[in-house]
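Next comes structure_26.cif, a file with mmCIF, C-alpha atoms (C1' of nucleotides).
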```cif
data_protein
loop_
_atom_site.label_atom_id
_atom_site.label_comp_id
_atom_site.auth_asym_id
_atom_site.auth_seq_id
_atom_site.Cartn_x
_atom_site.Cartn_y
_atom_site.Cartn_z
CA MET A 1 59.56 288.89 70.16
CA GLY A 2 57.56 286.90 67.68
CA TYR A 3 60.25 285.89 65.25
CA ARG A 4 58.81 282.39 65.18
CA GLU A 5 55.44 283.53 63.88
CA ASP A 6 57.02 285.79 61.27
CA ALA A 7 59.33 283.00 60.16
CA ARG A 8 56.30 280.75 59.77
CA LYS A 9 54.57 283.30 57.55
CA ILE A 10 57.65 283.83 55.42
CA LYS A 11 58.04 280.08 55.05
CA ALA A 12 54.56 280.03 53.58
CA LEU A 13 55.99 281.85 50.59
CA ALA A 14 59.33 280.05 50.51
CA ASP A 15 58.46 277.25 48.11
CA GLU A 16 58.47 277.23 44.34
CA ASN A 17 55.04 275.67 43.96
CA ARG A 18 53.52 278.18 46.34
CA LEU A 19 55.20 281.02 44.45
CA ALA A 20 53.65 279.68 41.25
CA ILE A 21 50.27 279.61 43.00
CA MET A 22 50.70 283.21 44.14
CA MET A 23 51.54 284.31 40.61
CA SER A 24 48.46 282.55 39.33
CA LEU A 25 46.23 284.12 41.97
CA ARG A 26 47.53 287.58 41.10
CA GLN A 27 45.43 287.44 37.95
CA ARG A 28 42.16 286.54 39.61
CA GLU A 29 40.42 284.18 41.97
CA LYS A 30 40.96 280.54 41.01
CA CYS A 31 39.36 277.32 42.11
CA ALA A 32 41.48 274.44 43.33
CA CYS A 33 40.71 272.30 40.31
CA TYR A 34 42.00 275.04 38.03
CA LEU A 35 45.22 275.44 40.02
CA LEU A 36 45.59 271.68 39.93
CA GLU A 37 45.71 271.75 36.14
CA GLU A 38 48.27 274.53 36.08
CA LEU A 39 50.73 272.87 38.44
CA ASN A 40 52.24 269.45 38.07
CA ILE A 41 51.44 268.24 41.56
CA SER A 42 48.95 265.84 43.08
CA GLN A 43 45.64 266.95 44.51
CA SER A 44 46.72 266.21 48.07
CA THR A 45 49.90 268.22 47.62
CA LEU A 46 47.95 271.18 46.29
CA SER A 47 45.59 270.99 49.24
CA HIS A 48 48.59 271.01 51.57
CA HIS A 49 50.08 274.09 49.91
CA MET A 50 46.76 275.94 49.95
CA LYS A 51 46.42 275.27 53.65
CA LEU A 52 49.82 276.83 54.34
CA LEU A 53 49.04 279.85 52.18
CA CYS A 54 45.64 280.36 53.83
CA ASP A 55 47.07 279.90 57.33
CA SER A 56 49.67 282.56 56.60
CA GLY A 57 46.91 285.01 55.74
CA LEU A 58 48.24 285.64 52.25
CA VAL A 59 45.36 283.81 50.60
CA ASP A 60 41.62 283.93 51.19
CA TYR A 61 39.24 281.11 50.42
CA ARG A 62 35.60 280.97 49.55
CA LYS A 63 33.67 277.77 49.45
CA GLU A 64 31.00 277.47 46.80
CA GLY A 65 29.27 274.12 46.66
CA LYS A 66 31.91 271.54 45.93
CA TRP A 67 34.45 274.12 44.88
CA MET A 68 37.04 276.06 46.82
CA HIS A 69 37.89 279.44 45.36
CA TYR A 70 41.20 280.96 46.36
CA SER A 71 42.31 284.56 46.00
CA LEU A 72 45.03 286.86 47.27
CA SER A 73 44.03 288.50 50.53
CA ARG A 74 44.55 292.22 50.17
CA GLU A 75 44.82 292.64 53.92
CA GLY A 76 47.08 289.66 54.38
CA VAL A 77 49.33 290.75 51.56
CA ASN A 78 49.67 294.26 52.95
CA ALA A 79 50.40 292.96 56.43
CA PHE A 80 52.99 290.62 54.94
CA ARG A 81 54.65 293.44 53.04
CA GLU A 82 54.92 295.54 56.17
CA MET A 83 56.19 292.62 58.21
CA ILE A 84 58.94 291.96 55.67
CA ASP A 85 59.74 295.63 55.53
CA GLY A 86 60.26 295.64 59.27
CA TYR A 87 63.18 293.30 58.76
CA ILE A 88 64.82 294.74 55.69
CA ARG A 89 64.23 298.46 56.05
CA THR A 90 67.52 300.28 56.42
CA ASP A 91 66.32 303.39 58.28
CA ASP A 92 68.16 305.93 56.13
CA MET B 1 60.47 280.73 35.37
CA GLY B 2 62.91 281.19 38.20
CA TYR B 3 60.67 280.25 41.08
CA ARG B 4 63.41 278.05 42.49
CA GLU B 5 65.89 280.89 42.86
CA ASP B 6 63.27 283.18 44.38
CA ALA B 7 62.17 280.48 46.79
CA ARG B 8 65.80 280.04 47.82
CA LYS B 9 66.14 283.76 48.56
CA ILE B 10 62.91 283.86 50.52
CA LYS B 11 64.04 280.83 52.51
CA ALA B 12 67.09 282.82 53.52
CA LEU B 13 64.76 285.00 55.56
CA ALA B 14 62.44 282.22 56.73
CA ASP B 15 64.13 281.35 59.99
CA GLU B 16 63.78 282.93 63.40
CA ASN B 17 67.49 283.24 64.07
CA ARG B 18 68.09 284.85 60.71
CA LEU B 19 65.23 287.27 61.36
CA ALA B 20 66.88 288.19 64.65
CA ILE B 21 70.14 288.76 62.79
CA MET B 22 68.43 291.01 60.27
CA MET B 23 66.86 293.06 63.05
CA SER B 24 70.26 293.44 64.65
CA LEU B 25 71.90 294.48 61.39
CA ARG B 26 69.22 297.12 60.82
CA GLN B 27 70.90 299.21 63.50
CA ARG B 28 74.40 299.09 62.09
CA GLU B 29 77.16 296.89 60.81
CA LYS B 30 78.05 294.14 63.29
CA CYS B 31 80.93 291.72 63.52
CA ALA B 32 80.28 288.01 63.85
CA CYS B 33 81.56 287.89 67.41
CA TYR B 34 79.06 290.55 68.41
CA LEU B 35 76.15 288.70 66.77
CA LEU B 36 77.33 285.56 68.49
CA GLU B 37 76.83 287.19 71.87
CA GLU B 38 73.38 288.44 70.98
CA LEU B 39 72.04 285.11 69.80
CA ASN B 40 72.02 281.90 71.77
CA ILE B 41 73.55 279.73 69.08
CA SER B 42 76.93 278.14 68.49
CA GLN B 43 79.63 279.76 66.40
CA SER B 44 79.29 277.20 63.62
CA THR B 45 75.54 277.73 63.48
CA LEU B 46 75.99 281.48 63.23
CA SER B 47 78.48 281.01 60.43
CA HIS B 48 75.99 278.81 58.62
CA HIS B 49 73.23 281.41 58.92
CA MET B 50 75.50 284.23 57.79
CA LYS B 51 76.42 282.26 54.72
CA LEU B 52 72.77 281.82 53.76
CA LEU B 53 72.05 285.52 54.32
CA CYS B 54 75.09 286.59 52.30
CA ASP B 55 74.32 284.13 49.49
CA SER B 56 70.81 285.55 49.26
CA GLY B 57 72.25 289.00 48.70
CA LEU B 58 70.45 290.49 51.69
CA VAL B 59 73.65 290.89 53.69
CA ASP B 60 77.06 292.24 52.76
CA TYR B 61 80.30 291.28 54.43
CA ARG B 62 83.59 293.03 54.93
CA LYS B 63 86.67 291.29 56.23
CA GLU B 64 88.92 293.32 58.47
CA GLY B 65 91.82 291.42 59.90
CA LYS B 66 90.43 288.57 61.90
CA TRP B 67 86.96 290.04 61.98
CA MET B 68 84.03 289.68 59.64
CA HIS B 69 81.71 292.66 59.56
CA TYR B 70 78.18 292.09 58.32
CA SER B 71 75.68 294.70 57.20
CA LEU B 72 72.41 294.90 55.34
CA SER B 73 72.94 295.22 51.61
CA ARG B 74 70.96 298.18 50.38
CA GLU B 75 70.90 296.80 46.87
CA GLY B 76 70.09 293.28 47.96
CA VAL B 77 67.34 294.46 50.23
CA ASN B 78 65.74 296.56 47.52
CA ALA B 79 65.93 293.72 45.01
CA PHE B 80 64.38 291.43 47.61
CA ARG B 81 61.55 293.84 48.26
CA GLU B 82 60.75 294.08 44.57
CA MET B 83 60.97 290.34 44.12
CA ILE B 84 58.50 289.79 46.95
CA ASP B 85 56.27 292.49 45.58
CA GLY B 86 56.16 290.68 42.26
CA TYR B 87 54.38 287.82 43.99
CA ILE B 88 52.01 289.64 46.29
CA ARG B 89 51.09 292.73 44.31
CA THR B 90 47.40 292.73 43.52
CA ASP B 91 47.43 294.92 40.39
CA ASP B 92 44.55 297.21 41.37
"C1'" DT C 1 107.98 280.55 65.31
"C1'" DC C 2 104.39 279.53 68.59
"C1'" DC C 3 100.09 280.53 70.26
"C1'" DA C 4 95.54 282.68 70.79
"C1'" DT C 5 91.72 284.52 68.42
"C1'" DA C 6 88.04 284.81 64.84
"C1'" DC C 7 85.73 282.57 61.61
"C1'" DA C 8 84.69 278.71 58.10
"C1'" DT C 9 84.05 273.91 56.97
"C1'" DT C 10 83.06 269.14 57.90
"C1'" DT C 11 80.44 265.62 59.93
"C1'" DA C 12 76.64 263.74 62.18
"C1'" DC C 13 72.07 263.82 63.63
"C1'" DA C 14 67.28 265.14 64.90
"C1'" DT C 15 63.47 267.53 63.12
"C1'" DA C 16 60.88 269.90 59.42
"C1'" DT C 17 59.12 269.83 54.91
"C1'" DG C 18 57.34 268.37 50.30
"C1'" DT C 19 55.39 264.70 48.09
"C1'" DC C 20 51.99 261.17 46.83
"C1'" DG C 21 48.67 257.21 47.35
"C1'" DA C 22 44.92 255.90 49.97
"C1'" DT C 23 41.11 257.13 52.41
"C1'" DA C 24 37.70 260.31 54.46
"C1'" DT C 25 34.48 264.16 54.14
"C1'" DG C 26 31.31 267.03 52.06
"C1'" DT C 27 28.17 268.26 48.11
"C1'" DA C 28 25.24 267.94 44.30
"C1'" DT C 29 22.43 265.01 41.23
"C1'" DG C 30 19.88 261.03 39.42
"C1'" DC D 1 19.80 256.43 48.73
"C1'" DA D 2 23.58 255.68 45.41
"C1'" DT D 3 26.88 257.63 42.77
"C1'" DA D 4 30.16 260.95 41.01
"C1'" DC D 5 32.88 264.76 41.93
"C1'" DA D 6 35.83 268.23 44.58
"C1'" DT D 7 38.59 268.72 48.26
"C1'" DA D 8 40.70 267.51 52.87
"C1'" DT D 9 43.16 264.44 55.83
"C1'" DC D 10 46.15 260.56 56.94
"C1'" DG D 11 50.24 257.69 56.58
"C1'" DA D 12 54.56 256.87 54.76
"C1'" DC D 13 58.73 258.26 52.87
"C1'" DA D 14 62.74 260.87 50.88
"C1'" DT D 15 64.98 265.08 51.12
"C1'" DA D 16 65.98 269.62 53.22
"C1'" DT D 17 67.15 272.19 57.13
"C1'" DG D 18 68.94 273.73 61.70
"C1'" DT D 19 72.07 272.51 65.07
"C1'" DA D 20 76.52 271.71 67.46
"C1'" DA D 21 81.11 269.37 68.18
"C1'" DA D 22 85.29 268.74 65.97
"C1'" DT D 23 88.46 270.30 62.89
"C1'" DG D 24 90.55 273.46 59.45
"C1'" DT D 25 92.20 278.12 58.01
"C1'" DA D 26 93.65 282.70 58.39
"C1'" DT D 27 95.34 286.61 61.12
"C1'" DG D 28 97.95 289.02 64.46
"C1'" DG D 29 100.74 289.31 68.67
"C1'" DA D 30 104.43 287.66 71.93
#
```
This entry written out as structure tokens:
Amino acid sequence: MGYREDARKIKALADENRLAIMMSLRQREKCACYLLEELNISQSTLSHHMKLLCDSGLVDYRKEGKWMHYSLSREGVNAFREMIDGYIRTDD
Amino acid sequence: MGYREDARKIKALADENRLAIMMSLRQREKCACYLLEELNISQSTLSHHMKLLCDSGLVDYRKEGKWMHYSLSREGVNAFREMIDGYIRTDD
DNA sequence: TCCATACATTTACATATGTCGATATGTATG
DNA sequence: CATACATATCGACATATGTAAATGTATGGA
């Protein structure tokens, strides 16, 4: 069973800065420089967090010139929800 | 904002052994000694994981004599689901 | 009361993770 | 091409986390 992979995806969300990023992305697509102003973290730290979120599939990216635009991935988010549900559903 | 508390709860699920425990508890209530046989971990490690799961609210416990019986908490699980949803919902 | 059983707590340690400064890479613009 | 800007990667470090052995605590039976 692939508990390791699922744990890795859940870990992508298990950090307060990444939760703040997710909340911000719920509104609309944001570029990295915008997120950087919202959060009190360094640019390298933000880049690290965005990599984890993108790798997990929760966040999509779009490169436009010098800018990286990040947004919630509808597919990734739905897959995540179902994955979580597989662990916490109580089968009434 | 309570990102820290939410991150803590999500972390409770972000481990492969704890995911295996959740899958096992989906079937029915289990005592610690039973879980111990299912998982290849030491007794102290299991106890540690159960504490994290109980603290997160996802798992309920019931003490019966020498035995500890663990089960999914319906309330905790529903609260967890909604908490997660608050971060990944895309507001269509 | 003594002992075995079931579980929790403590302690120690190796690995994982979050963080930032420094540096590298890529992109537009003069 | 040189420079500025946006972002990624690297290196180092402190803290968090998962793990198990040893020990502590509670419960029940002989």
Taking all atoms listed in the file into account and nothing else, which residues of chain D lie no more than 12 Å away from chain A? Please answer as a JSON list (two decimals) with C-alpha atoms (C1' of nucleotides), in the frame of the given file.
```
[["chain", "number", "residue", "atom", "x", "y", "z"],
["D", 4, "DA", "C1'", 30.16, 260.95, 41.01],
["D", 5, "DC", "C1'", 32.88, 264.76, 41.93],
["D", 6, "DA", "C1'", 35.83, 268.23, 44.58],
["D", 7, "DT", "C1'", 38.59, 268.72, 48.26],
["D", 8, "DA", "C1'", 40.70, 267.51, 52.87],
["D", 9, "DT", "C1'", 43.16, 264.44, 55.83],
["D", 10, "DC", "C1'", 46.15, 260.56, 56.94],
["D", 16, "DA", "C1'", 65.98, 269.62, 53.22]]
```
How close does each residue of chain A get to chain B, giving the shortest atom pair and distance in Å to one decimal for every residue with an atom at most 12 Å away, counting all atoms listed in the file, sorted by chain and residue number, as CSV?
```
residue,atom,partner,partner_atom,distance
A:Met1,CA,B:Ala20,CA,9.2
A:Gly2,CA,B:Glu16,CA,8.5
A:Tyr3,CA,B:Glu16,CA,5.0
A:Arg4,CA,B:Glu16,CA,5.3
A:Glu5,CA,B:Glu16,CA,8.4
A:Asp6,CA,B:Glu16,CA,7.6
A:Ala7,CA,B:Ala14,CA,4.7
A:Arg8,CA,B:Ala14,CA,7.0
A:Lys9,CA,B:Ala14,CA,8.0
A:Ile10,CA,B:Ala14,CA,5.2
A:Lys11,CA,B:Ala14,CA,5.2
A:Ala12,CA,B:Ala14,CA,8.8
A:Leu13,CA,B:Ile10,CA,7.2
A:Ala14,CA,B:Ala7,CA,4.7
A:Asp15,CA,B:Ala7,CA,5.1
A:Glu16,CA,B:Tyr3,CA,5.0
A:Asn17,CA,B:Tyr3,CA,7.8
A:Arg18,CA,B:Ala7,CA,9.0
A:Leu19,CA,B:Tyr3,CA,6.5
A:Ala20,CA,B:Tyr3,CA,7.0
A:Ile21,CA,B:Tyr87,CA,9.2
A:Met22,CA,B:Tyr87,CA,5.9
A:Met23,CA,B:Tyr87,CA,5.6
A:Ser24,CA,B:Tyr87,CA,9.2
A:Leu25,CA,B:Thr90,CA,8.8
A:Arg26,CA,B:Thr90,CA,5.7
A:Gln27,CA,B:Thr90,CA,7.9
A:Arg28,CA,B:Thr90,CA,9.0
A:Glu29,CA,B:Thr90,CA,11.1
A:Leu53,CA,B:Ile88,CA,11.8
A:Gly57,CA,B:Ile88,CA,11.7
A:Leu58,CA,B:Ile88,CA,8.1
A:Val59,CA,B:Ile88,CA,9.8
A:Ser71,CA,B:Thr90,CA,9.9
A:Leu72,CA,B:Thr90,CA,7.4
A:Ser73,CA,B:Thr90,CA,8.9
A:Arg74,CA,B:Thr90,CA,7.3
A:Glu75,CA,B:Thr90,CA,10.7
A:Gly76,CA,B:Ile88,CA,9.5
A:Val77,CA,B:Ile88,CA,6.0
A:Asn78,CA,B:Ile88,CA,8.4
A:Ala79,CA,B:Ile88,CA,10.8
A:Phe80,CA,B:Ile88,CA,8.8
A:Arg81,CA,B:Asp85,CA,7.7
A:Glu82,CA,B:Arg81,CA,10.5
A:Met83,CA,B:Leu19,CA,11.0
A:Ile84,CA,B:Arg81,CA,8.1
A:Asp85,CA,B:Arg81,CA,7.7
A:Gly86,CA,B:Met23,CA,8.0
A:Tyr87,CA,B:Met23,CA,5.7
A:Ile88,CA,B:Val77,CA,6.0
A:Arg89,CA,B:Arg26,CA,7.0
A:Thr90,CA,B:Arg26,CA,5.7
A:Asp91,CA,B:Arg26,CA,7.4
A:Asp92,CA,B:Arg26,CA,10.0
```
Original post:
the PyMOL selection byres ((chain C) within 12 of (chain B)) on the file shown: which residues, as a list in words?
Top reply: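 With the PyMOL selection byres ((chain C) within 12 of (chain B)) on this model, the match is DA4, DT5, DA6, DC7, DA8, DT9, DT10 and DA16 of chain C.
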Write out, as a compact mmCIF listing (two decimals), in the frame of the given file, the residues just selected, with C-alpha atoms (C1' of nucleotides).
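Listed below is the output, again20.txt:
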```txt
# COMPACT_ATOMS: atom_id res chain seq x y z
C1' DA C 4 95.54 282.68 70.79
C1' DT C 5 91.72 284.52 68.42
C1' DA C 6 88.04 284.81 64.84
C1' DC C 7 85.73 282.57 61.61
C1' DA C 8 84.69 278.71 58.10
C1' DT C 9 84.05 273.91 56.97
C1' DT C 10 83.06 269.14 57.90
C1' DA C 16 60.88 269.90 59.42
```
Subject >> Shell around DC13 (chain D) at 12 Å using only C-alpha atoms (C1' of nucleotides), local window under 2 positions removed, as a list in words >> reply: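 Selected residues are DT17, DG18, DT19, DC20 and DG21 of chain C; DG11 and DT15 of chain D.
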**OP:** Measure the distance from C1' of DA30 (chain D) to CA of Lys63 (chain B) in Å and round it to one decimal.
**Re:**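 Computing the Euclidean distance for C1' of DA30 (chain D) and CA of Lys63 (chain B) yields 24.0 Å.
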For region 9-27 of chain C, I'd like the enclosing box, axis-aligned and padded by 3 Å on every side, reported as AutoDock Vina command-line options with centre and edge lengths in Å to one decimal.
```
--center_x 56.1 --center_y 264.9 --center_z 55.9 --size_x 61.9 --size_y 24.0 --size_z 24.1
```
Original post:
What is the C1' of DG28 (chain D) to C1' of DC2 (chain C) distance in Å?
Top reply: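 Between C1' of DG28 (chain D) and C1' of DC2 (chain C) the gap works out to 12.2 Å.
Put simply, CA of Asp55 (chain B) is 22.0 Å away from C1' of DA20 (chain D).
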Reference answer for the PyMOL selection byres ((chain D and resi 1) around 12), as an mmCIF file with C-alpha atoms (C1' of nucleotides), keeping the file's coordinate frame:
```cif
data_model
loop_
_atom_site.group_PDB
_atom_site.id
_atom_site.type_symbol
_atom_site.label_atom_id
_atom_site.label_comp_id
_atom_site.auth_asym_id
_atom_site.auth_seq_id
_atom_site.Cartn_x
_atom_site.Cartn_y
_atom_site.Cartn_z
ATOM 1 C "C1'" DT C 29 22.430 265.010 41.230
ATOM 2 C "C1'" DG C 30 19.880 261.030 39.420
ATOM 3 C "C1'" DA D 2 23.580 255.680 45.410
ATOM 4 C "C1'" DT D 3 26.880 257.630 42.770
#
```
**OP:** For the structure shown, which residues end up in the PyMOL selection byres ((chain D and resi 21) around 10)? Put them as a list in words, please?
**Re:**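 Output of the PyMOL selection byres ((chain D and resi 21) around 10): Ser42 and Ser44 of chain B; DT11 and DA12 of chain C; DA20, DA22 and DT23 of chain D.
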Using the selection just defined, write its residues with C-alpha atoms (C1' of nucleotides) as a short mmCIF file (atom, residue, chain, number, x, y, z; two decimals), in the coordinates of the input.
```cif
data_model
loop_
_atom_site.label_atom_id
_atom_site.label_comp_id
_atom_site.auth_asym_id
_atom_site.auth_seq_id
_atom_site.Cartn_x
_atom_site.Cartn_y
_atom_site.Cartn_z
CA SER B 42 76.93 278.14 68.49
CA SER B 44 79.29 277.20 63.62
"C1'" DT C 11 80.44 265.62 59.93
"C1'" DA C 12 76.64 263.74 62.18
"C1'" DA D 20 76.52 271.71 67.46
"C1'" DA D 22 85.29 268.74 65.97
"C1'" DT D 23 88.46 270.30 62.89
#
```
